[in-house]
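Peer 1: Before I ask anything, let me first share the structure, which is written out below as structure tokens.
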Amino acid sequence: MPRNLLMTPAALVPRILVVDDHEANVQVLGAMLEQLGYEIIPATGGNQALHRIAARPPDLVLLDVFMPDIDGFEVCRRIREEPAWNDIPIIFLSSADDKDFIVRALALGGVDYVTKPFHQAELISRVRTHLALKAARDSLRRLAEDKDELIGILAHDLKNHLGGMQMSAQLLHRRANDQGNEHLERMSSNILYATDQMFSFVKEFLANASTDRGLPLKMESVSYNEIAGAAVRQYSDAAQRKEILLNFESADDGALVMADRGALGQVFDNLISNALKFSPPGRNVWVTIGPAWSGECRIQDEGPGFTEEDKALMFRRYRRLSARPTGSEPSTGLGLSIVKKLMDAMEGELRCESSAGKGATFIVTMPVATAPTG
């Protein structure tokens, strides 16, 4: 279940690490900020600051530049090297007002630079601003994590339930056909259609969410014939049901490309599915692998094609284009956006050649591999 977002009052008190090699400066800053309700973590050197961050990460760091052990620039660099600390805002406090120092501080990852002697109201305003920005980022991150947990629930529960409903609806529809019960056949057809629509949407929604989170790709040398051929075989029955001739041709049986096996399979799954979905019965769909040196595979159909407006929008999520499925198949508007994300993640290229009324050809181009890696 999503986490309980309620927080204890103590957890709501921002912690500020004050780093300065002059203890008097730490005391002055600490006293000023404690009066505003902040929890202060003092440090009188760079090494001590890093140890205290490791023990208890603060919500903000006020960092002096000139310190005898490790200067503020090096402390900032080390903080930014740690992924767990990367989002902690760092405000530099220094008597040096040289522009080169300011540029260097910001380039290393500082969010602000305040010169000493500072104006109290100005410093307080900047501290509050950066703490508020961090709190907003933290809140957005928690919401994103909750969304991921909810998607996990969908993946494990709703998808399984819909799969069971779909299977039951298919069995009911076949039995109605066998019995010649027209009333039951109509009802089962409606149930089957609605279930197919929901199942297709949930499956593509989950695939889209996975690409949003970033896929752990394993790039290796794979066979175009193997991956594309498996997708063609998967859709051969669907093609026969629509009386579409699904053609598979290869100019080079040994064509190898660098890709993630699962991601490339999903690319072909979506593109072949779309070609069948939007092609009228009695037409052709071709899946053609080019010469090994080209790294190309073309998926061509004889459907309605795309208008110029369609081509400008086709890779955006939830966009319904001008073409409509020809056999009442479900369409979510997610398939092509998923394909584009997968291709970008694999550093491949996806192009579309089409004009309205003249079919469409999608060209998948992947980096060429010279030999299998495993």
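By order of appearance in the structure tokens: chains A, B, ..., then residues from 1 within every chain, and ligands from 1 in the order shown.
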List the neighbours of range 159-172 of chain A out to 8 Å using only C-alpha atoms; skip same-chain residues closer than 6 positions along the sequence, and give me the result as number ranges by chain.

Peer 2: A: 188-189, 191-192, 195-196, 198-199, 202-203

Peer 1: Hey, can you spit out that residue selection with N, CA and C atoms as a tab-separated table (two decimals), in the first residue's frame?

Peer 2:
chain	number	residue	atom	x	y	z
A	188	SER	N	-22.05	-11.44	-24.75
A	188	SER	CA	-20.67	-11.87	-24.54
A	188	SER	C	-19.70	-11.08	-25.42
A	189	SER	N	-20.15	-10.69	-26.61
A	189	SER	CA	-19.32	-9.87	-27.49
A	189	SER	C	-19.05	-8.51	-26.86
A	191	ILE	N	-19.12	-7.83	-23.61
A	191	ILE	CA	-18.22	-8.03	-22.47
A	191	ILE	C	-16.79	-8.22	-22.95
A	192	LEU	N	-16.63	-9.02	-24.00
A	192	LEU	CA	-15.29	-9.30	-24.52
A	192	LEU	C	-14.64	-8.03	-25.07
A	195	THR	N	-13.67	-5.78	-22.12
A	195	THR	CA	-12.52	-6.35	-21.41
A	195	THR	C	-11.24	-6.18	-22.21
A	196	ASP	N	-11.32	-6.41	-23.52
A	196	ASP	CA	-10.15	-6.21	-24.38
A	196	ASP	C	-9.66	-4.77	-24.32
A	198	MET	N	-10.09	-2.56	-21.83
A	198	MET	CA	-9.48	-2.28	-20.54
A	198	MET	C	-8.12	-2.96	-20.41
A	199	PHE	N	-8.04	-4.22	-20.83
A	199	PHE	CA	-6.79	-4.97	-20.70
A	199	PHE	C	-5.69	-4.33	-21.54
A	202	VAL	N	-4.57	-1.03	-19.80
A	202	VAL	CA	-3.76	-1.27	-18.60
A	202	VAL	C	-2.37	-1.76	-18.99
A	203	LYS	N	-2.29	-2.66	-19.97
A	203	LYS	CA	-1.00	-3.20	-20.39
A	203	LYS	C	-0.10	-2.10	-20.96

Peer 1: Do you know which residues are at most 8 Å from Asp71 in chain A counting only C-alpha atoms, after dropping those on the same chain fewer than 6 positions away, and could you put them as a list in words?

Peer 2: Gly46, Asp64 and Val65 of chain A

Peer 1: Excluding same-chain residues fewer than 3 positions from range 240-242 of chain A, what lies within 12 Å of it counting only C-alpha atoms, as a short mmCIF file (atom, residue, chain, number, x, y, z; two decimals) with N, CA and C atoms, in the first residue's frame?

Peer 2:
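Output saved as part-v1.cif:
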data_model
loop_
_atom_site.label_atom_id
_atom_site.label_comp_id
_atom_site.auth_asym_id
_atom_site.auth_seq_id
_atom_site.Cartn_x
_atom_site.Cartn_y
_atom_site.Cartn_z
N VAL A 232 6.36 -11.56 -35.57
CA VAL A 232 5.50 -11.93 -36.71
C VAL A 232 4.71 -13.19 -36.39
N ARG A 233 5.37 -14.20 -35.82
CA ARG A 233 4.66 -15.45 -35.46
C ARG A 233 3.59 -15.18 -34.41
N GLN A 234 3.87 -14.28 -33.48
CA GLN A 234 2.91 -13.97 -32.44
C GLN A 234 1.60 -13.41 -33.02
N TYR A 235 1.72 -12.64 -34.12
CA TYR A 235 0.54 -11.99 -34.69
C TYR A 235 0.00 -12.70 -35.93
N SER A 236 0.48 -13.89 -36.22
CA SER A 236 0.01 -14.59 -37.42
C SER A 236 -1.47 -14.95 -37.32
N ASP A 237 -1.91 -15.39 -36.14
CA ASP A 237 -3.33 -15.74 -35.97
C ASP A 237 -4.22 -14.50 -36.10
N LEU A 245 -2.58 -10.60 -45.09
CA LEU A 245 -1.39 -11.39 -45.37
C LEU A 245 -0.19 -10.72 -44.71
N LEU A 246 0.35 -11.38 -43.69
CA LEU A 246 1.49 -10.85 -42.94
C LEU A 246 2.77 -11.46 -43.52
N ASN A 247 3.53 -10.63 -44.22
CA ASN A 247 4.73 -11.10 -44.94
C ASN A 247 5.99 -10.80 -44.13
N ALA A 275 0.06 -2.03 -37.33
CA ALA A 275 -0.12 -2.24 -38.77
C ALA A 275 -1.33 -3.11 -39.04
N LEU A 276 -1.53 -4.16 -38.23
CA LEU A 276 -2.71 -5.03 -38.39
C LEU A 276 -3.98 -4.34 -37.94
N LYS A 277 -3.87 -3.61 -36.85
CA LYS A 277 -5.05 -2.96 -36.26
C LYS A 277 -5.68 -1.95 -37.21
N PHE A 278 -4.85 -1.20 -37.94
CA PHE A 278 -5.37 -0.11 -38.77
C PHE A 278 -5.47 -0.48 -40.25
N SER A 279 -5.17 -1.74 -40.60
CA SER A 279 -5.29 -2.17 -41.99
C SER A 279 -6.65 -2.82 -42.23
N PRO A 280 -7.31 -2.50 -43.32
CA PRO A 280 -8.58 -3.16 -43.65
C PRO A 280 -8.35 -4.63 -43.99
N PRO A 281 -9.37 -5.48 -43.84
CA PRO A 281 -9.25 -6.89 -44.22
C PRO A 281 -8.85 -7.04 -45.69
N GLY A 282 -8.09 -8.10 -45.98
CA GLY A 282 -7.71 -8.39 -47.35
C GLY A 282 -6.48 -7.65 -47.83
N ARG A 283 -5.81 -6.90 -46.97
CA ARG A 283 -4.62 -6.16 -47.37
C ARG A 283 -3.35 -6.90 -46.96
N ASN A 284 -2.20 -6.24 -47.14
CA ASN A 284 -0.90 -6.82 -46.83
C ASN A 284 -0.18 -6.00 -45.78
N VAL A 285 0.60 -6.68 -44.97
CA VAL A 285 1.56 -6.04 -44.06
C VAL A 285 2.90 -6.72 -44.29
N PRO A 325 -9.06 1.92 -35.76
CA PRO A 325 -8.95 0.48 -35.97
C PRO A 325 -10.08 -0.03 -36.87
N THR A 326 -9.73 -0.96 -37.73
CA THR A 326 -10.71 -1.45 -38.72
C THR A 326 -11.48 -2.66 -38.25
N GLY A 327 -11.11 -3.24 -37.10
CA GLY A 327 -11.80 -4.43 -36.60
C GLY A 327 -12.25 -4.28 -35.17
N SER A 328 -12.57 -3.08 -34.75
CA SER A 328 -13.01 -2.77 -33.37
C SER A 328 -11.95 -3.09 -32.33
N GLU A 329 -10.67 -3.11 -32.74
CA GLU A 329 -9.61 -3.36 -31.77
C GLU A 329 -9.46 -2.15 -30.86
#

Peer 1: Please return as a ChimeraX atom specification: the residues of range 159-368 of chain A that backbone DSSP assigns to helix (DSSP H, G or I).

Peer 2: /A:159-179,182-213,224-234,236-241,261-277,308-313,335-345

Peer 1: Find, counting only C-alpha atoms, the residue in A:Asp98, A:Ile338, A:Ile363, A:Ser354 that gets nearest to Val287 in chain A.

Peer 2: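 Distance minimum relative to Val287 in chain A lands on A:Ile363.
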
Peer 1: May I ask which of the residues A:Gly290, A:Pro367, A:Gly37, A:Pro58 is the closest one to Leu17 in chain A, counting only C-alpha atoms?

Peer 2: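 Looking only at the distances to Leu17 in chain A, the closest residue turns out to be A:Pro58.
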
Peer 1: What gap, in Å, lies between CA of Ile16 in chain A and CA of Asp146 in chain A?

Peer 2: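 We find that CA of Ile16 in chain A and CA of Asp146 in chain A lie 27.3 Å from each other.
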
Peer 1: Taking the chain letters and numbering used in this document, name the residues of range 16-192 of chain A that DSSP puts in strand (DSSP E), as a VMD selection string.

Peer 2: chain A and resid 16 to 19 39 to 43 60 to 64 90 to 94 112 to 115

Peer 1: As an exercise, work out the distance from CA of Phe362 in chain A to CA of Leu342 in chain A in Å and give it to one decimal place.

Peer 2: 14.5 Å

Peer 1: Using only C-alpha atoms, which protein or nucleic acid residues come within 7 Å of range 84-94 of chain A? Drop anything in the same chain fewer than 6 positions from it, and give the result as a PyMOL selection string.

Peer 2: chain A and resi 59-65+110-116+130
